[in-house]
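Quick look at target-v4.txt (compact mmCIF, C-alpha atoms and all ligand atoms):
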```
# COMPACT_ATOMS: atom_id res chain seq x y z
CA MET A 499 -2.58 5.26 -0.90
CA GLU A 500 -3.46 2.46 1.49
CA LEU A 501 -1.06 -0.47 1.62
CA HIS A 502 -2.27 -3.63 3.24
CA ALA A 503 0.06 -6.60 3.63
CA LYS A 504 -2.23 -9.53 4.31
CA ASN A 505 -0.87 -12.65 5.88
CA VAL A 506 2.45 -12.39 4.05
CA SER A 507 5.17 -14.96 4.48
CA LEU A 508 8.60 -15.00 2.93
CA ALA A 509 11.35 -17.58 3.08
CA VAL A 510 14.81 -16.86 1.76
CA GLY A 511 17.28 -19.66 1.19
CA GLY A 512 14.89 -22.08 2.84
CA ARG A 513 14.57 -20.02 6.02
CA THR A 514 11.47 -18.18 7.12
CA VAL A 515 12.02 -14.45 7.28
CA LEU A 516 8.39 -13.38 7.66
CA HIS A 517 5.62 -15.65 8.87
CA HIS A 518 1.99 -14.71 8.27
CA GLU A 519 2.51 -11.02 8.82
CA THR A 520 -0.46 -8.67 8.51
CA VAL A 521 -0.18 -4.90 8.63
CA ARG A 522 -2.02 -1.97 7.15
CA ALA A 523 -0.53 1.45 6.32
CA LEU A 524 -3.02 4.27 5.86
CA PRO A 525 -2.87 7.61 4.05
CA GLY A 526 -2.22 10.49 6.40
CA ARG A 527 -0.74 8.20 9.05
CA THR A 528 2.74 7.24 10.17
CA LEU A 529 3.34 3.56 10.85
CA ALA A 530 6.41 2.26 12.68
CA LEU A 531 7.63 -1.29 12.05
CA VAL A 532 9.48 -2.28 15.19
CA GLY A 533 11.17 -5.26 16.74
CA PRO A 534 14.60 -6.65 17.49
CA SER A 535 17.35 -6.70 14.90
CA GLY A 536 16.71 -9.48 12.41
CA CYS A 537 12.96 -9.76 13.01
CA GLY A 538 12.18 -8.73 9.42
CA LYS A 539 11.44 -4.98 9.50
CA THR A 540 13.44 -4.14 6.39
CA THR A 541 12.08 -7.18 4.60
CA LEU A 542 8.49 -6.20 5.42
CA LEU A 543 9.17 -2.65 4.29
CA GLY A 544 10.43 -4.09 0.99
CA ILE A 545 7.27 -6.16 0.64
CA LEU A 546 5.07 -3.12 1.30
CA GLY A 547 7.11 -1.25 -1.32
CA LEU A 548 6.60 -4.11 -3.80
CA LEU A 549 10.35 -4.72 -3.97
CA HIS A 550 9.83 -8.37 -2.99
CA LYS A 551 6.88 -10.61 -3.64
CA PRO A 552 5.75 -12.64 -0.65
CA ASP A 553 5.63 -16.42 -0.99
CA THR A 554 2.13 -16.44 0.43
CA GLY A 555 -0.36 -13.72 1.25
CA THR A 556 -0.63 -10.53 -0.69
CA VAL A 557 -0.21 -6.77 -0.65
CA LEU A 558 -3.21 -4.65 -1.53
CA ALA A 559 -2.67 -1.10 -2.79
CA ASP A 560 -5.92 0.79 -2.37
CA GLY A 561 -7.62 -2.59 -2.44
CA THR A 562 -5.92 -3.85 -5.60
CA ASP A 563 -3.97 -7.08 -5.39
CA THR A 564 -0.44 -6.02 -6.35
CA CYS A 565 0.87 -9.58 -6.45
CA ARG A 566 -0.87 -9.91 -9.79
CA TRP A 567 0.87 -6.83 -11.16
CA LYS A 568 3.33 -7.25 -13.98
CA ASP A 569 6.66 -5.43 -13.90
CA ASP A 570 5.32 -2.37 -15.71
CA LEU A 571 2.68 -1.74 -13.04
CA ARG A 572 5.20 -2.18 -10.25
CA ARG A 573 7.55 0.22 -12.03
CA ARG A 574 4.71 2.71 -12.33
CA PHE A 575 4.06 2.38 -8.60
CA TRP A 576 7.73 3.12 -7.87
CA GLN A 577 7.89 6.04 -10.28
CA LYS A 578 4.55 7.68 -9.53
CA HIS A 579 3.71 6.82 -5.97
CA ALA A 580 6.53 5.55 -3.80
CA ALA A 581 9.65 7.13 -2.35
CA PHE A 582 12.26 4.92 -0.70
CA VAL A 583 14.48 6.22 2.03
CA PHE A 584 16.73 3.23 2.48
CA GLN A 585 20.19 3.23 3.99
CA ASP A 586 22.93 3.15 1.37
CA TYR A 587 20.35 2.61 -1.26
CA GLY A 588 18.99 4.49 -4.19
CA LEU A 589 21.51 7.27 -4.67
CA VAL A 590 23.83 7.69 -7.62
CA ASP A 591 27.10 8.55 -5.95
CA ASP A 592 28.75 10.02 -9.02
CA GLU A 593 25.95 12.49 -9.63
CA SER A 594 25.12 15.77 -7.95
CA VAL A 595 22.80 16.17 -5.00
CA ALA A 596 20.32 17.93 -7.32
CA TYR A 597 20.38 15.05 -9.76
CA ASN A 598 19.62 12.63 -6.98
CA VAL A 599 16.76 14.70 -5.64
CA ALA A 600 15.07 15.46 -8.94
CA LEU A 601 15.75 12.44 -11.05
CA SER A 602 12.30 10.94 -11.21
CA GLY A 603 10.33 14.14 -11.05
CA LEU A 604 11.44 16.20 -13.99
CA SER A 605 10.04 16.36 -17.45
CA LEU A 606 12.45 17.04 -20.29
CA PHE A 607 9.98 19.66 -21.45
CA GLY A 608 9.27 21.17 -18.05
CA SER A 609 10.45 24.49 -16.78
CA ALA A 610 13.98 23.94 -15.52
CA ARG A 611 13.90 27.08 -13.39
CA LYS A 612 10.80 25.92 -11.56
CA HIS A 613 12.38 22.56 -10.89
CA VAL A 614 15.61 24.09 -9.65
CA ALA A 615 13.63 26.11 -7.13
CA ALA A 616 11.69 23.01 -6.06
CA VAL A 617 14.91 21.03 -5.60
CA GLU A 618 16.41 23.78 -3.49
CA LYS A 619 13.25 24.03 -1.40
CA ALA A 620 13.28 20.29 -0.77
CA LEU A 621 16.95 20.46 0.24
CA GLU A 622 16.23 23.32 2.62
CA ARG A 623 13.56 21.20 4.33
CA VAL A 624 16.24 18.66 5.25
CA ALA A 625 18.87 21.26 6.17
CA LEU A 626 20.87 20.75 2.98
CA GLY A 627 20.12 24.10 1.38
CA GLY A 628 22.87 25.33 -0.94
CA ARG A 629 24.33 21.84 -1.42
CA ALA A 630 22.64 21.06 -4.74
CA LEU A 631 25.79 21.03 -6.82
CA GLU A 632 27.90 18.83 -4.58
CA ARG A 633 28.61 15.30 -5.61
CA CYS A 634 26.66 12.77 -3.64
CA SER A 635 29.83 10.77 -3.01
CA SER A 636 31.21 13.66 -0.97
CA LEU A 637 28.34 13.56 1.56
CA SER A 638 28.27 11.79 4.89
CA GLY A 639 25.95 8.82 5.47
CA GLY A 640 23.43 10.95 7.34
CA GLU A 641 23.52 13.65 4.66
CA LYS A 642 22.92 11.04 1.98
CA GLN A 643 19.93 9.79 3.87
CA ARG A 644 18.57 13.33 3.98
CA VAL A 645 19.07 13.57 0.20
CA SER A 646 16.72 10.57 -0.07
CA LEU A 647 14.26 12.45 2.10
CA ALA A 648 14.57 15.54 -0.09
CA ARG A 649 13.76 13.34 -3.06
CA ALA A 650 10.63 12.12 -1.30
CA ILE A 651 9.63 15.75 -0.71
CA PHE A 652 10.34 16.69 -4.31
CA GLN A 653 8.32 13.73 -5.59
CA ARG A 654 5.42 14.51 -3.26
CA ALA A 655 5.19 10.76 -2.99
CA ASP A 656 1.93 9.11 -1.93
CA VAL A 657 3.90 6.49 -0.05
CA ILE A 658 7.15 7.04 1.85
CA LEU A 659 9.03 3.94 3.00
CA ALA A 660 11.94 4.72 5.25
CA ASP A 661 14.40 2.24 6.71
CA GLU A 662 15.91 3.54 9.94
CA PRO A 663 15.76 7.13 8.71
CA THR A 664 17.18 8.54 11.93
CA ALA A 665 19.83 5.92 12.60
CA SER A 666 22.89 7.87 11.54
CA LEU A 667 21.77 11.31 12.63
CA ASP A 668 22.44 13.58 15.60
CA GLN A 669 19.59 14.63 17.87
CA GLY A 670 18.82 17.82 15.93
CA ASN A 671 18.61 16.06 12.61
CA ARG A 672 16.63 13.17 14.12
CA GLU A 673 14.01 15.69 15.19
CA LEU A 674 14.11 17.32 11.78
CA VAL A 675 13.55 13.99 10.02
CA ALA A 676 10.80 12.95 12.42
CA GLY A 677 9.10 16.31 11.84
CA PHE A 678 9.41 15.88 8.11
CA LEU A 679 7.82 12.43 8.21
CA LYS A 680 4.94 13.74 10.31
CA ALA A 681 4.48 16.67 7.92
CA GLU A 682 4.41 14.36 4.91
CA ALA A 683 1.71 12.28 6.62
CA ALA A 684 -0.18 15.48 7.44
CA ARG A 685 -0.36 16.32 3.73
CA GLY A 686 -1.82 12.87 3.13
CA ALA A 687 1.15 10.62 2.46
CA THR A 688 1.28 7.06 3.76
CA VAL A 689 4.46 6.91 5.83
CA VAL A 690 6.06 3.66 6.96
CA VAL A 691 9.31 3.55 8.91
CA ALA A 692 11.35 0.61 10.13
CA THR A 693 13.08 1.87 13.23
CA HIS A 694 14.66 1.24 16.61
CA ASP A 695 14.44 4.93 17.53
CA GLU A 696 12.18 5.19 20.58
CA ASP A 697 11.50 8.89 20.03
CA LEU A 698 10.41 8.27 16.46
CA ILE A 699 8.30 5.28 17.50
CA THR A 700 6.53 7.46 20.08
CA LEU A 701 5.71 10.03 17.42
CA CYS A 702 4.20 7.51 15.02
CA ASP A 703 0.44 7.05 14.84
CA GLU A 704 0.62 3.25 14.67
CA VAL A 705 3.20 0.72 15.77
CA HIS A 706 3.47 -2.78 14.33
CA HIS A 707 5.65 -5.32 16.10
CA VAL A 708 7.12 -7.46 13.34
CA GLY A 709 7.14 -11.17 14.05
CA THR A 710 4.24 -11.13 16.45
CA THR A 711 1.22 -11.29 14.17
CA ARG A 712 0.80 -14.96 15.06
CA PRO A 713 0.45 -15.37 18.83
CA ASP A 714 1.49 -19.01 18.52
CA LEU A 715 4.91 -17.87 17.34
CA GLY A 716 5.50 -15.82 20.45
CA THR A 717 7.50 -12.63 20.30
CA THR A 718 10.71 -14.26 19.19
CA PRO A 719 11.18 -14.02 15.44
CA PRO A 720 12.10 -17.21 13.61
CA HIS A 721 15.82 -17.84 13.61
CA LEU A 722 17.19 -16.50 10.39
CA GLY A 723 20.43 -16.16 8.55
CA ALA A 724 22.89 -13.35 8.74
CA THR A 725 22.93 -11.33 5.55
CA PRO A 726 19.86 -9.79 4.01
CA PRO A 727 20.35 -10.49 0.33
CA ASP A 728 18.32 -7.72 -1.07
CA VAL A 729 18.91 -4.69 1.05
CA GLY A 730 21.19 -2.14 -0.45
CA THR A 731 22.17 -2.05 -4.08
CA THR A 732 22.33 -5.78 -4.69
CA ARG A 733 18.63 -6.55 -4.78
CA PRO A 734 18.38 -9.27 -7.42
CA ASP A 735 15.07 -8.00 -8.71
CA LEU A 736 16.32 -4.46 -9.14
CA GLY A 737 19.97 -4.91 -9.88
CA ALA A 738 22.04 -1.88 -9.01
CA THR A 739 19.37 0.53 -10.22
CA PRO A 740 16.74 1.65 -7.74
CA PRO A 741 13.23 1.81 -9.09
CA ASP A 742 13.03 5.50 -9.59
CA LEU A 743 16.51 6.12 -10.88
CA GLY A 744 16.28 4.46 -14.25
CA VAL A 745 16.65 7.54 -16.42
CA THR A 746 19.83 9.40 -17.08
CA ARG A 747 19.30 13.13 -16.83
CA PRO A 748 22.46 14.89 -17.89
CA ASP A 749 20.65 18.20 -17.64
CA LEU A 750 20.45 17.72 -13.91
CA GLY A 751 24.06 16.77 -13.44
CA THR A 752 26.54 19.02 -11.77
CA GLY A 753 26.97 22.51 -13.05
CA LYS A 754 23.47 23.35 -14.24
CA LEU A 755 21.94 24.79 -11.14
CA ALA A 756 24.28 27.66 -10.55
N1 LIG B 801 18.66 -13.98 1.72
C1 LIG B 801 18.63 -14.23 2.99
N2 LIG B 801 19.20 -15.36 3.43
C2 LIG B 801 19.17 -15.64 4.70
N3 LIG B 801 18.64 -14.84 5.62
C3 LIG B 801 18.08 -13.68 5.22
C4 LIG B 801 18.03 -13.32 3.89
N4 LIG B 801 17.40 -12.14 3.82
C5 LIG B 801 17.08 -11.77 5.02
N5 LIG B 801 17.49 -12.69 5.87
C6 LIG B 801 17.33 -12.67 7.28
O1 LIG B 801 16.03 -12.26 7.55
C7 LIG B 801 16.00 -11.62 8.78
C8 LIG B 801 15.28 -10.32 8.66
O2 LIG B 801 16.13 -9.37 8.04
P1 LIG B 801 15.78 -7.85 8.05
O3 LIG B 801 16.88 -7.14 7.39
O4 LIG B 801 14.41 -7.67 7.47
O5 LIG B 801 15.73 -7.56 9.61
P2 LIG B 801 15.52 -6.19 10.38
O6 LIG B 801 14.41 -6.40 11.34
O7 LIG B 801 15.38 -5.09 9.41
O8 LIG B 801 16.88 -6.07 11.18
P3 LIG B 801 17.70 -4.74 11.62
O9 LIG B 801 16.94 -4.13 12.76
O10 LIG B 801 19.02 -5.30 12.05
O11 LIG B 801 17.80 -3.86 10.42
C9 LIG B 801 17.43 -11.48 9.25
O12 LIG B 801 17.73 -12.48 10.18
C10 LIG B 801 18.21 -11.68 7.99
O13 LIG B 801 19.47 -12.17 8.22
MG MG B 802 16.59 -3.49 8.91
```

How would this structure read if it were set down as structure tokens?
Amino acid sequence: MELHAKNVSLAVGGRTVLHHETVRALPGRTLALVGPSGCGKTTLLGILGLLHKPDTGTVLADGTDTCRWKDDLRRRFWQKHAAFVFQDYGLVDDESVAYNVALSGLSLFGSARKHVAAVEKALERVALGGRALERCSSLSGGEKQRVSLARAIFQRADVILADEPTASLDQGNRELVAGFLKAEAARGATVVVATHDEDLITLCDEVHHVGTTRPDLGTTPPHLGATPPDVGTTRPDLGATPPDLGVTRPDLGTGKLA
């Protein structure tokens, strides 16, 4: 799926966070959103993922103007097409790793055995094989982030939006994650990462410097406040529930995958 943010601006609390930003993410390609801390990478990622609506401009998904979409269409986009790999975001701590990986992908009437195998395979891809039954709350930050990646693999998402996916990882796991993102793009996914990781940036097909779309603004992003309001689990538009975690699946809780 092609995502095209066209001339998007967003002000929060009266301050400009993004100013006439234009960027296009293509299927089969990896796009890095880069720039200094506070320039709006996470915010732009959220706009591309339809988590926030821009004040001006629009986001086209395969040419369709998503700013006209009602909530049900946005929810469908999150459930069917998009996988979010955001720091400290989108995992249910009290549930098992398997639950968190499979939540949005399973049918109540599907073959449980097949899904169990698919969950395990996805976990193996991110070096978390054999950890399906552990509680998410017992994992480290980097492991949790890899659970989000495993969920993206399991979903076979058309669009993967990752916020600093290598930030809390050691060199080996950074390479693993970078390889995974490239592989997902190779199978046709649209991959967008916000990152400061030079190695990851080098690997990406395209690089977009956030805050520099308008030459008249120079390379310095507008001065902005301190706390992003809607990163993490307190997004006002989503509450504490991430888009693809709205369904309780007790059958995927701990104890069923033994
Ligand atoms: N609700 C808000 N009120 C005030 N400022 C906000 C709000 N939301 C975001 N900002 C500001 O917008 C700017 C962009 O935030 P964002 O999180 O997108 O930056 P970033 O480029 O991802 O930074 P980092 O590299 O540190 O993750 C920051 O200065 C942030 O403080
Ligand atoms: Mg950020």

Atom CA of Thr562 of chain A to atom CA of Glu500 of chain A, distance in Å rounded to a single decimal:
9.8 Å

Residue neighbourhood segment 666-678 of chain A, 12 Å, all atoms listed in the file, exclusion window fewer than 2 positions, as a ChimeraX atom specification
/A:528,530,583-586,620-626,638-648,650-651,658,660-664,680-685,687,689-691,693-702

Could the residues in this selection be saved with C-alpha atoms as a tab-separated table (two decimals), keeping the file's coordinate frame?
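Written output follows (selection-v2.tsv):
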```tsv
chain	number	residue	atom	x	y	z
A	528	THR	CA	2.74	7.24	10.17
A	530	ALA	CA	6.41	2.26	12.68
A	583	VAL	CA	14.48	6.22	2.03
A	584	PHE	CA	16.73	3.23	2.48
A	585	GLN	CA	20.19	3.23	3.99
A	586	ASP	CA	22.93	3.15	1.37
A	620	ALA	CA	13.28	20.29	-0.77
A	621	LEU	CA	16.95	20.46	0.24
A	622	GLU	CA	16.23	23.32	2.62
A	623	ARG	CA	13.56	21.20	4.33
A	624	VAL	CA	16.24	18.66	5.25
A	625	ALA	CA	18.87	21.26	6.17
A	626	LEU	CA	20.87	20.75	2.98
A	638	SER	CA	28.27	11.79	4.89
A	639	GLY	CA	25.95	8.82	5.47
A	640	GLY	CA	23.43	10.95	7.34
A	641	GLU	CA	23.52	13.65	4.66
A	642	LYS	CA	22.92	11.04	1.98
A	643	GLN	CA	19.93	9.79	3.87
A	644	ARG	CA	18.57	13.33	3.98
A	645	VAL	CA	19.07	13.57	0.20
A	646	SER	CA	16.72	10.57	-0.07
A	647	LEU	CA	14.26	12.45	2.10
A	648	ALA	CA	14.57	15.54	-0.09
A	650	ALA	CA	10.63	12.12	-1.30
A	651	ILE	CA	9.63	15.75	-0.71
A	658	ILE	CA	7.15	7.04	1.85
A	660	ALA	CA	11.94	4.72	5.25
A	661	ASP	CA	14.40	2.24	6.71
A	662	GLU	CA	15.91	3.54	9.94
A	663	PRO	CA	15.76	7.13	8.71
A	664	THR	CA	17.18	8.54	11.93
A	680	LYS	CA	4.94	13.74	10.31
A	681	ALA	CA	4.48	16.67	7.92
A	682	GLU	CA	4.41	14.36	4.91
A	683	ALA	CA	1.71	12.28	6.62
A	684	ALA	CA	-0.18	15.48	7.44
A	685	ARG	CA	-0.36	16.32	3.73
A	687	ALA	CA	1.15	10.62	2.46
A	689	VAL	CA	4.46	6.91	5.83
A	690	VAL	CA	6.06	3.66	6.96
A	691	VAL	CA	9.31	3.55	8.91
A	693	THR	CA	13.08	1.87	13.23
A	694	HIS	CA	14.66	1.24	16.61
A	695	ASP	CA	14.44	4.93	17.53
A	696	GLU	CA	12.18	5.19	20.58
A	697	ASP	CA	11.50	8.89	20.03
A	698	LEU	CA	10.41	8.27	16.46
A	699	ILE	CA	8.30	5.28	17.50
A	700	THR	CA	6.53	7.46	20.08
A	701	LEU	CA	5.71	10.03	17.42
A	702	CYS	CA	4.20	7.51	15.02
```

Around ligand MG 802 (chain B), which protein and nucleic acid residues have at least one atom no more than 8 Å from it, if we count all atoms listed in the file? List them as a list in words.
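Going residue by residue within 8 Å of ligand MG 802 (chain B), we get Ser535, Gly536, Gly538, Lys539, Thr540, Thr541, Asp661, Glu662, Ala692 and Thr693 of chain A.
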
Restricting the calculation to all atoms listed in the file, which member of A:Leu508, A:Thr514, A:Arg572, A:Thr710 is positioned closest to Leu549 of chain A?
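Of the candidates, the smallest distance to Leu549 of chain A is held by A:Arg572.
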
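Using all atoms listed in the file, the nearest neighbour of ligand LIG 801 (chain B) within the list A:Leu659, A:Leu543, A:Ala630, A:Val521 is A:Leu543.
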
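Here atom CA of Val515 of chain A is placed at a distance of 13.2 Å from atom CA of Gly533 of chain A.
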
Atom pair atom CA of His502 of chain A / atom CA of Lys578 of chain A: separation (Å):
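We find that atom CA of His502 of chain A and atom CA of Lys578 of chain A lie 18.4 Å from each other.
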
Show me the residues around (19.1, 13.4, -7.4) - criterion: an atom at most 9 Å away, all atoms listed in the file counted - as a PyMOL selection string.
chain A and resi 589-590+593-602+617+630+634+645-646+648-649+743+750-751

Is there a way to get, as a PyMOL selection string, all residues within 12 Å of the point (8.5, -12.1, -7.0) in file coordinates, counting all atoms listed in the file?
chain A and resi 508-510+544-545+548-554+556+564-569+572+733-736
